[in-house]
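A.B. asks: Could you have a look at this structure, given as structure tokens, before my questions?
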Amino acid sequence: MIEIPSFKIPKEDWVEDKLLYGKKLAVKIREHLKERVEKTKIRPGLAALLVGEDEASKIYVSSKEKAANEIGFHSVVKKLPVDATQEEVLAVVHEWNNDENIHGILVQLPLPKHINSQNILQSINASKDADGFHYANMGRLMAKEKGAIACTPLGIIVMLKELGVNTEGKHALVLGRSNIVGKPMAQLLLDAAQCTVTVCHSKSRNIDEMTASADILVAAMGVRDVIDYSKIKKDAIVIDVGMHRIDGKVKGDLDYKEILDKVSFITPVPGGVGPMTIAMLLYNTYQNAVWLNEKDQMLA
Ligand code: GUN
């Protein structure tokens with residue numbers, strides 16, 4: 001069975017009226033993980049590799065490092081220059097694959113164009129995959145076996161679980177079919193949330209029709225304003241994965257203020273789904289550490 005963590009965080013700590021503040025939930029989950037780490041014999045270790053000078057990537061990696069340190073993880077960051085070779089990148093992954101203090105390996109994307117990204121991601125030992133991008137873990141998710149799950153969809157399914165709504169038999173519509181969000185999201189909604197799932201994408205012809213019957217709508221197209229707001233079903237739960245920088249402000253795929261009246265719950269952008277991704281990266285690392293040490297009685 002797929003294991004979806006349950007943190008039992010009181011709703012009043014993160015749900016305000018109709019707004020699902022993943023940012024607040026993520027803080028509580030990180031505190032929860034910190035407490036769990038304090039009770040364990042081993043210290044989960046997260047290693048992150050940054051290749052090149054991409055500004056957004058630098059910010060992401062330093063937030064991940066800070067978050068890992070704050071909850072008592074062992075944390076390592078390695079930086080390689082933009083002209084690093086495939087072999088040099090592979091050598092770093094190989095070193096961490098063989099380091100018993102490391103349980104979560106993350107290679108920050110995007111990698112420079114001359115690097116074969118999939119070759120690097122697939123060279124990570126699947127039991128140390130922090131992102132859930134390894135094919136073995138993608139396959140495990142499809143087969144309902146335990147393994148690391150992509151952080152953004154995992155964060156969303158955790159939000160739905162913490163919200164405590166009954167999702168069984170509901171119609172969930174996923175807009176977007178990427179390997180790292182849309183597809184794993186659809187799989188989780190199908191198997192963990194027991195929904196009837198529809199996936200729409202840029203070539204879909206009946207998005208309005210699907211939107212009108214969706215009880216749960218996950219917008220992950222990476223394009224703004226794809227759906228007709230008037231078609232959104234009354235009392236739907238709307239999750240917005242989009243992140244767009246417009247006139248210096250961060251916005252989602254949707255304009256949540258436009259649909260607030262209609263929905264039962266919605267994630268704002270910023271402050272909704274985004275912060276849950278880092279919390280799930282930490283969770284995956286913790287979980288890998290538990291699985292890797294299962295025989296050694298992790299709990300003190
Ligand atoms: N770049 C942007 N988001 C991510 C992520 O979640 N994981 C990795 N490895 N790279 C990213």
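Letters A, B, ... mark the chains of the structure tokens in the order given; residue numbers begin at 1 per chain; ligand numbers begin at 1, in order shown.
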Using only C-alpha atoms and all ligand atoms, find each residue in chain A having at least one atom no more than 8 Å away from ligand 1; report its shortest atom-to-atom pair and that distance in Å (one decimal), rows by chain then rising number, as a tab-separated table.
C.D. replies:
residue	atom	partner	partner_atom_place_in_ligand_line	distance
A:Ser57	CA	ligand 1	1 (N)	6.6
A:Tyr60	CA	ligand 1	2 (C)	7.4
A:Leu106	CA	ligand 1	9 (N)	5.2
A:Val107	CA	ligand 1	9 (N)	4.8
A:Gln108	CA	ligand 1	10 (N)	3.9
A:Leu109	CA	ligand 1	10 (N)	3.8
A:Pro110	CA	ligand 1	1 (N)	6.0
A:Asp131	CA	ligand 1	7 (N)	5.8
A:Ala150	CA	ligand 1	6 (O)	7.7
A:Cys151	CA	ligand 1	6 (O)	6.5
A:Thr152	CA	ligand 1	6 (O)	7.1
A:Thr277	CA	ligand 1	6 (O)	6.7
A:Ile278	CA	ligand 1	6 (O)	7.7
A:Leu281	CA	ligand 1	6 (O)	7.9
A.B. asks: Give me, as a ChimeraX atom specification, all polymer residues having an atom no more than 12 Å from A:Gly271, counting only C-alpha atoms and skipping those fewer than 4 positions away in the same chain.
C.D. replies: /A:14-15,19-27,239-243,250-252,266-267,275-277
A.B. asks: Listing only residues of stretch 258-286 of chain A within 10 Å of stretch 37-45 of chain A, what is the closest atom pair and its distance in Å (to one decimal) for each, using only C-alpha atoms, sorted by chain and residue number ascending, as a tab-separated table?
C.D. replies:
residue	atom	partner	partner_atom	distance
A:Leu282	CA	A:Pro44	CA	8.9
A:Tyr283	CA	A:Pro44	CA	9.8
A:Asn284	CA	A:Pro44	CA	10.0
A:Thr285	CA	A:Pro44	CA	6.5
A:Tyr286	CA	A:Pro44	CA	5.6
A.B. asks: With C-alpha atoms retained, export the selected residues as a short mmCIF file (atom, residue, chain, number, x, y, z; two decimals), in the first residue's frame.
C.D. replies:
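Written output follows (again19.cif):
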data_model
loop_
_atom_site.label_atom_id
_atom_site.label_comp_id
_atom_site.auth_asym_id
_atom_site.auth_seq_id
_atom_site.Cartn_x
_atom_site.Cartn_y
_atom_site.Cartn_z
CA LEU A 282 12.39 16.44 4.35
CA TYR A 283 9.73 13.82 4.96
CA ASN A 284 11.04 11.68 2.08
CA THR A 285 14.58 11.91 3.48
CA TYR A 286 13.36 10.97 6.95
#
A.B. asks: Atom CA of A:Lys161 and atom CA of A:Asp255, how far apart in Å?
C.D. replies: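 Going from atom CA of A:Asp255 over to atom CA of A:Lys161, I get 24.2 Å.
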A.B. asks: So which one's closest to A:Thr198, A:His171, A:Leu111, A:Ala91, A:Ser178? Using only C-alpha atoms, please.
C.D. replies: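 Going through A:His171, A:Leu111, A:Ala91, A:Ser178 one by one, the smallest distance to A:Thr198 is for A:His171.
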A.B. asks: Compile the contact shell of A:Val174 as a list in words: residues with an atom at most 10 Å away, counting only C-alpha atoms, same-chain residues fewer than 3 positions apart removed.
C.D. replies: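 Neighbouring residues, sequence-local ones excluded: His171, Arg177, Val181, Gly182, Lys183, Met185, Ala186, Leu189, Val197, Thr198, Val199, Cys200, His201, Met210, Thr211, Ala214, Ile216, Leu217, Val218, Ala219, Ala220, Met221 and Ile239 of chain A.
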A.B. asks: Using only C-alpha atoms, can you tell me which of A:Ile71, A:Ala148, A:Thr196, A:Phe265 comes closest to A:Glu168?
C.D. replies: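 Using only C-alpha atoms, A:Glu168 sits closest to A:Thr196.
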A.B. asks: Nearest residue to A:Gly52 out of A:Val165, A:Ala84, A:Ala67, A:Leu33, using only C-alpha atoms?
C.D. replies: A:Ala84
A.B. asks: Could you tell me, as a list in words, which residues of stretch 121-167 of chain A DSSP assigns to helix (DSSP H, G or I) when given the backbone?
C.D. replies: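 The helix (DSSP H, G or I) residues within stretch 121-167 of chain A come out as Leu121, Ala126, Ser127, Lys128, Tyr135, Ala136, Asn137, Met138, Gly139, Arg140, Leu141, Met142, Cys151, Thr152, Pro153, Leu154, Gly155, Ile156, Ile157, Val158, Met159, Leu160, Lys161, Glu162 and Leu163 of chain A.
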A.B. asks: Just give me the gap between atom CA of A:Leu154 and atom CA of A:Lys203 in Å, one decimal is fine.
C.D. replies: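 Spanning atom CA of A:Leu154 to atom CA of A:Lys203 is a straight-line distance of 25.7 Å.
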